[in-house]
$ cat coords-v5.cif   # mmCIF, C-alpha atoms
data_target
#
loop_
_atom_site.label_atom_id
_atom_site.label_comp_id
_atom_site.auth_asym_id
_atom_site.auth_seq_id
_atom_site.Cartn_x
_atom_site.Cartn_y
_atom_site.Cartn_z
CA MET A 700 57.32 93.21 136.37
CA THR A 701 59.29 90.75 134.23
CA THR A 702 61.57 88.46 136.23
CA THR A 703 64.73 87.39 134.41
CA LEU A 704 67.69 85.14 135.17
CA ILE A 705 70.92 85.48 133.19
CA THR A 706 73.67 82.92 133.73
CA GLY A 707 77.30 84.02 133.46
CA ALA A 708 76.15 87.59 133.98
CA ASN A 709 78.93 89.12 136.07
CA LYS A 710 80.79 90.34 132.95
CA GLY A 711 80.71 90.63 129.17
CA LEU A 712 77.56 89.91 127.22
CA GLY A 713 75.69 88.71 130.29
CA PHE A 714 76.43 91.91 132.19
CA GLU A 715 75.46 94.14 129.28
CA THR A 716 72.27 92.16 128.70
CA ALA A 717 71.39 92.55 132.36
CA ARG A 718 72.01 96.30 132.23
CA ARG A 719 69.76 96.73 129.21
CA LEU A 720 66.94 94.57 130.56
CA ILE A 721 67.00 96.40 133.90
CA GLU A 722 66.65 99.65 131.94
CA ALA A 723 63.64 98.06 130.23
CA GLY A 724 62.03 97.36 133.60
CA HIS A 725 63.02 93.76 134.26
CA THR A 726 63.88 92.44 137.70
CA VAL A 727 67.15 90.69 136.88
CA TYR A 728 68.93 87.94 138.74
CA ILE A 729 72.64 87.91 138.03
CA GLY A 730 73.78 84.28 137.91
CA ALA A 731 77.48 83.66 138.51
CA ARG A 732 79.78 80.99 139.96
CA ASP A 733 81.97 83.45 141.86
CA ALA A 734 79.98 84.97 144.72
CA ARG A 735 82.21 88.05 145.13
CA ARG A 736 82.12 88.95 141.45
CA GLY A 737 78.43 88.19 141.24
CA HIS A 738 77.56 90.37 144.21
CA GLU A 739 79.73 93.20 142.83
CA ALA A 740 78.06 93.02 139.41
CA ALA A 741 74.58 92.93 140.95
CA ALA A 742 75.39 95.94 143.13
CA ARG A 743 76.63 97.93 140.13
CA LEU A 744 73.51 97.15 138.14
CA GLY A 745 70.82 97.24 140.78
CA ALA A 746 70.14 93.54 140.25
CA ARG A 747 69.76 90.51 142.50
CA PHE A 748 72.55 87.94 142.79
CA VAL A 749 72.10 84.19 142.73
CA ARG A 750 75.04 81.83 142.84
CA ILE A 751 74.84 79.21 140.10
CA ASP A 752 77.47 76.89 138.69
CA VAL A 753 75.88 75.38 135.59
CA THR A 754 78.18 72.34 135.81
CA ASP A 755 76.92 71.46 139.31
CA GLU A 756 73.47 69.91 139.62
CA ASP A 757 73.10 70.85 143.30
CA SER A 758 74.08 74.46 142.61
CA VAL A 759 71.53 74.71 139.81
CA LYS A 760 68.76 73.21 141.94
CA ALA A 761 69.61 75.58 144.82
CA ALA A 762 69.42 78.57 142.46
CA ALA A 763 65.99 77.47 141.23
CA GLU A 764 64.76 77.08 144.80
CA PHE A 765 66.09 80.52 145.71
CA ILE A 766 64.32 82.26 142.82
CA ARG A 767 61.14 80.27 143.45
CA ASP A 768 61.11 81.42 147.08
CA ASP A 769 62.18 84.97 146.24
CA ALA A 770 60.09 85.72 143.15
CA GLY A 771 57.63 82.87 142.74
CA ARG A 772 58.12 82.61 138.98
CA LEU A 773 60.54 83.20 136.12
CA ASP A 774 59.56 84.98 132.91
CA VAL A 775 62.84 85.01 131.00
CA LEU A 776 65.85 82.68 131.16
CA VAL A 777 69.02 83.67 129.33
CA ASN A 778 71.45 80.75 129.13
CA ASN A 779 74.57 82.82 128.57
CA ALA A 780 77.26 80.99 130.58
CA GLY A 781 79.83 79.37 128.33
CA ILE A 782 83.50 78.52 127.96
CA ALA A 783 85.87 78.80 124.98
CA GLY A 784 87.03 75.20 125.19
CA ALA A 785 90.46 73.67 124.79
CA GLY A 786 91.61 75.90 121.92
CA LYS A 787 93.58 73.02 120.37
CA PRO A 788 94.01 71.98 116.75
CA VAL A 789 91.20 69.64 115.73
CA GLY A 790 93.37 66.52 115.73
CA GLU A 791 94.64 67.17 119.25
CA VAL A 792 91.24 67.50 120.92
CA THR A 793 90.57 64.61 123.30
CA GLY A 794 87.37 63.08 124.57
CA SER A 795 88.09 64.69 127.91
CA ASP A 796 88.37 68.09 126.23
CA MET A 797 84.99 67.55 124.60
CA GLN A 798 83.41 66.52 127.91
CA THR A 799 84.70 69.63 129.65
CA THR A 800 83.40 72.02 126.98
CA TYR A 801 80.05 70.26 126.62
CA ASP A 802 79.58 70.16 130.40
CA THR A 803 79.20 73.94 130.40
CA ASN A 804 78.02 74.83 126.90
CA VAL A 805 75.52 72.01 126.38
CA PHE A 806 74.81 69.99 129.51
CA GLY A 807 74.85 73.17 131.61
CA VAL A 808 72.06 74.64 129.50
CA VAL A 809 70.01 71.47 129.94
CA ARG A 810 70.62 71.43 133.71
CA VAL A 811 69.48 75.02 134.09
CA THR A 812 66.53 74.75 131.72
CA HIS A 813 65.31 71.55 133.37
CA ALA A 814 65.49 73.10 136.84
CA PHE A 815 63.67 76.29 135.84
CA LEU A 816 60.96 74.87 133.57
CA PRO A 817 58.40 74.69 136.41
CA LEU A 818 58.97 78.40 137.18
CA LEU A 819 58.83 79.36 133.50
CA GLU A 820 55.52 77.54 133.13
CA THR A 821 53.97 79.82 135.75
CA SER A 822 54.67 82.87 133.55
CA SER A 823 52.13 84.25 131.10
CA THR A 824 54.82 85.02 128.47
CA PRO A 825 57.88 82.85 129.20
CA ALA A 826 60.98 83.02 127.01
CA VAL A 827 64.32 81.21 126.94
CA VAL A 828 67.28 82.64 125.06
CA ASN A 829 70.23 80.32 124.45
CA VAL A 830 73.42 82.14 123.50
CA SER A 831 74.96 80.15 120.67
CA SER A 832 77.40 81.34 117.98
CA GLY A 833 77.78 81.60 114.24
CA LEU A 834 80.56 79.06 114.75
CA GLY A 835 77.79 76.56 115.41
CA SER A 836 76.37 77.00 111.91
CA PRO A 837 77.50 74.28 109.44
CA ALA A 838 76.71 76.61 106.53
CA ALA A 839 78.71 79.54 107.93
CA THR A 840 81.72 77.42 108.88
CA SER A 841 81.74 75.84 105.39
CA ASP A 842 81.69 79.15 103.48
CA PRO A 843 85.21 80.47 102.66
CA GLY A 844 83.75 83.96 102.37
CA ARG A 845 82.75 84.08 106.03
CA ILE A 846 84.93 84.64 109.09
CA GLU A 847 83.51 81.49 110.71
CA PHE A 848 85.19 79.35 108.02
CA HIS A 849 88.61 80.22 109.43
CA VAL A 850 87.91 79.16 113.02
CA ALA A 851 88.38 75.41 113.51
CA LEU A 852 87.47 74.51 117.09
CA LEU A 853 86.13 70.97 117.36
CA ASP A 854 84.76 71.20 120.89
CA TYR A 855 83.49 74.80 120.97
CA ASN A 856 81.95 74.91 117.49
CA SER A 857 80.18 71.58 117.82
CA SER A 858 78.87 72.51 121.27
CA LYS A 859 77.21 75.57 119.79
CA THR A 860 75.72 73.44 117.00
CA ALA A 861 74.29 71.08 119.61
CA LEU A 862 72.82 74.05 121.47
CA VAL A 863 70.77 75.05 118.43
CA MET A 864 69.27 71.56 118.17
CA ILE A 865 68.55 71.53 121.90
CA THR A 866 66.72 74.83 121.47
CA SER A 867 64.64 73.39 118.63
CA GLN A 868 63.67 70.32 120.63
CA TYR A 869 62.61 72.32 123.69
CA ALA A 870 60.55 74.63 121.46
CA LYS A 871 58.58 71.70 120.06
CA ALA A 872 58.07 70.11 123.46
CA TYR A 873 56.97 73.38 125.15
CA PRO A 874 54.96 75.42 122.62
CA THR A 875 53.85 77.96 125.25
CA ILE A 876 57.49 78.95 125.94
CA ARG A 877 59.45 80.94 123.37
CA PHE A 878 62.77 79.08 122.95
CA ASN A 879 65.34 80.66 120.63
CA ALA A 880 69.09 80.48 120.05
CA VAL A 881 71.04 83.62 119.18
CA ASP A 882 74.38 84.53 117.63
CA PRO A 883 75.79 87.76 119.11
CA GLY A 884 78.49 87.85 116.42
CA TYR A 885 82.25 88.11 116.94
CA THR A 886 82.08 90.14 120.12
CA ALA A 887 85.03 91.42 122.14
CA THR A 888 84.82 89.48 125.43
CA ASP A 889 87.07 87.47 127.73
CA LEU A 890 86.06 84.39 125.74
CA ASN A 891 88.21 85.48 122.79
CA GLY A 892 90.74 87.66 124.59
CA HIS A 893 88.77 90.77 123.52
CA GLN A 894 89.77 90.21 119.89
CA GLY A 895 86.19 90.34 118.64
CA THR A 896 85.23 93.04 116.16
CA ASN A 897 81.81 93.78 117.69
CA SER A 898 81.31 95.78 120.85
CA VAL A 899 79.60 94.14 123.80
CA GLU A 900 76.76 96.63 123.35
CA ALA A 901 76.23 95.51 119.74
CA GLY A 902 76.57 91.84 120.62
CA ALA A 903 73.92 92.08 123.32
CA ASP A 904 71.34 93.55 120.92
CA ILE A 905 69.98 90.22 119.67
CA ILE A 906 69.95 88.71 123.18
CA VAL A 907 67.93 91.63 124.53
CA ARG A 908 65.60 91.57 121.54
CA MET A 909 64.81 87.87 121.90
CA ALA A 910 64.41 88.19 125.67
CA ALA A 911 61.58 90.64 125.06
CA ILE A 912 59.72 88.99 122.16
CA GLY A 913 56.51 88.25 124.06
CA GLY A 914 54.06 85.43 123.54
CA ASP A 915 53.54 86.06 119.82
CA GLY A 916 57.24 85.99 118.92
CA PRO A 917 59.09 83.25 117.04
CA THR A 918 60.17 80.03 118.69
CA GLY A 919 62.60 77.26 117.82
CA GLY A 920 64.76 79.56 115.71
CA PHE A 921 68.38 80.70 115.49
CA PHE A 922 68.82 84.45 115.04
CA ASP A 923 71.48 87.14 114.73
CA LYS A 924 71.06 90.90 114.39
CA ASP A 925 69.97 90.53 110.76
CA GLY A 926 67.40 87.78 111.25
CA PRO A 927 67.54 83.97 110.91
CA VAL A 928 71.08 82.57 110.91
CA VAL A 929 72.20 80.70 107.77
CA TRP A 930 72.04 77.03 108.62
#

$ encode --input "coords-v5.cif" --output "structure tokens"
Amino acid sequence: MTTTLITGANKGLGFETARRLIEAGHTVYIGARDARRGHEAAARLGARFVRIDVTDEDSVKAAAEFIRDDAGRLDVLVNNAGIAGAGKPVGEVTGSDMQTTYDTNVFGVVRVTHAFLPLLETSSTPAVVNVSSGLGSPAATSDPGRIEFHVALLDYNSSKTALVMITSQYAKAYPTIRFNAVDPGYTATDLNGHQGTNSVEAGADIIVRMAAIGGDGPTGGFFDKDGPVVW
């Protein structure tokens, strides 16, 4: 049985990813900050709930201890939790705004990955999927023919760029763990006020695919539904 943790999984892409992986036979831990919503989501899916606030070191450590005691290992980690950021024009973004966005989208991923690495290393086919965005691609955001060109968000976009580099560095440091970043596309979720053009089901496809790549799959890459993301 494959044991999987998904952060930010009580709704949206995380919830849909959990549903699909449970269908595929995974034992899934729903990670969420809000205990009520997390328990409700887990009950609907037939999953386990673990409270985790990726911005809180103690919360992350407690979640790792819980899964260690409950399951003994972790096979798949999906770092899905993220925030949209300040939503301000580029020139109005402050250092404080950047810190807030990076605390979840970048530092949160590092906190969680660091805490769960010992459990991942006990798995025979460990994988980490970091949910990034096409808005983190310098090539996509510089191409007037792409939708990403028209979205100028200093804190959010740069946090997703940083996440791709973090993924690459982990992949080199831990060659036995498959580390990959993914772009679900412009998906209709709370993050964008449900304005996205992709369904949650379509957006989750690449997350599910990379969560199930196995030991011979790629590592250190950045992928969307069509393959490697333009970089």

$ residues_near_point --input "coords-v5.cif" --point "(76.8, 85.7, 127.9)" --cutoff "6 Å" --atoms "all atoms listed in the file" --output "list in words"
Gly707, Leu712, Gly713, Asn779 and Ala780 of chain A

$ resolve_selection --input "coords-v5.cif" --expression "the PyMOL selection byres ((chain A and resi 733-748) around 8)" --output "list in words"
Ala708, Asn709, Lys710, Phe714, Ala717, Arg718, Ile721, Thr726, Val727, Tyr728, Ile729, Gly730, Ala731, Arg732, Val749 and Arg750 of chain A

$ write_last_selection --input "coords-v5.cif" --atoms "C-alpha atoms" --output "tab-separated table (two decimals), in the frame of the given file"
chain	number	residue	atom	x	y	z
A	708	ALA	CA	76.15	87.59	133.98
A	709	ASN	CA	78.93	89.12	136.07
A	710	LYS	CA	80.79	90.34	132.95
A	714	PHE	CA	76.43	91.91	132.19
A	717	ALA	CA	71.39	92.55	132.36
A	718	ARG	CA	72.01	96.30	132.23
A	721	ILE	CA	67.00	96.40	133.90
A	726	THR	CA	63.88	92.44	137.70
A	727	VAL	CA	67.15	90.69	136.88
A	728	TYR	CA	68.93	87.94	138.74
A	729	ILE	CA	72.64	87.91	138.03
A	730	GLY	CA	73.78	84.28	137.91
A	731	ALA	CA	77.48	83.66	138.51
A	732	ARG	CA	79.78	80.99	139.96
A	749	VAL	CA	72.10	84.19	142.73
A	750	ARG	CA	75.04	81.83	142.84

$ closest_residue --input "coords-v5.cif" --among "A:Ile705, A:Val827, A:Met864, A:Val899" --to "Ile912 in chain A" --atoms "only C-alpha atoms"
A:Val827

$ closest_residue --input "coords-v5.cif" --among "A:Asp769, A:Glu722, A:Asp757, A:Asp774" --to "Ala910 in chain A" --atoms "only C-alpha atoms"
A:Asp774

$ closest_residue --input "coords-v5.cif" --among "A:Val830, A:Pro788, A:Ile846, A:Pro883" --to "Val863 in chain A" --atoms "only C-alpha atoms"
A:Val830

$ atom_distance --input "coords-v5.cif" --atom1 "CA of Val907 in chain A" --atom2 "CA of Val850 in chain A"
26.2 Å

$ atom_distance --input "coords-v5.cif" --atom1 "CA of Asp904 in chain A" --atom2 "CA of Lys859 in chain A"
18.9 Å

$ residues_near_point --input "coords-v5.cif" --point "(67.7, 73.2, 132.6)" --cutoff "12 Å" --atoms "all atoms listed in the file" --output "number ranges by chain"
A: 706, 751, 753-756, 758-760, 762-763, 776-778, 803-819, 827, 829, 865-866, 869

$ closest_residue --input "coords-v5.cif" --among "A:Asn879, A:Thr799, A:Ser857, A:Ala870" --to "Pro837 in chain A" --atoms "only C-alpha atoms"
A:Ser857

$ atom_distance --input "coords-v5.cif" --atom1 "CA of Ile905 in chain A" --atom2 "CA of Asp923 in chain A"
6.0 Å

$ closest_residue --input "coords-v5.cif" --among "A:Met797, A:Leu704, A:Val928, A:Thr716" --to "Phe765 in chain A" --atoms "all atoms listed in the file"
A:Leu704

$ closest_residue --input "coords-v5.cif" --among "A:Gly711, A:Gly844, A:Ser822, A:His725" --to "Gly781 in chain A" --atoms "only C-alpha atoms"
A:Gly711

$ resolve_selection --input "coords-v5.cif" --expression "the PyMOL selection byres ((chain A and resi 851) around 9)" --output "VMD selection string"
chain A and resid 787 to 789 834 840 847 to 850 852 to 853 855 to 856

$ resolve_selection --input "coords-v5.cif" --expression "the PyMOL selection byres ((chain A and resi 874) around 12)" --output "list in words"
Glu820, Thr824, Pro825, Ala826, Val827, Thr866, Ser867, Gln868, Tyr869, Ala870, Lys871, Ala872, Tyr873, Thr875, Ile876, Arg877, Phe878, Asn879, Gly914, Asp915, Gly916, Pro917, Thr918 and Gly919 of chain A

$ residues_around --input "coords-v5.cif" --residues "Asp882 in chain A" --least-positions-apart "4" --cutoff "6 Å" --atoms "all atoms listed in the file" --output "list in words"
Ser831, Ser832, Gly833 and Asp923 of chain A
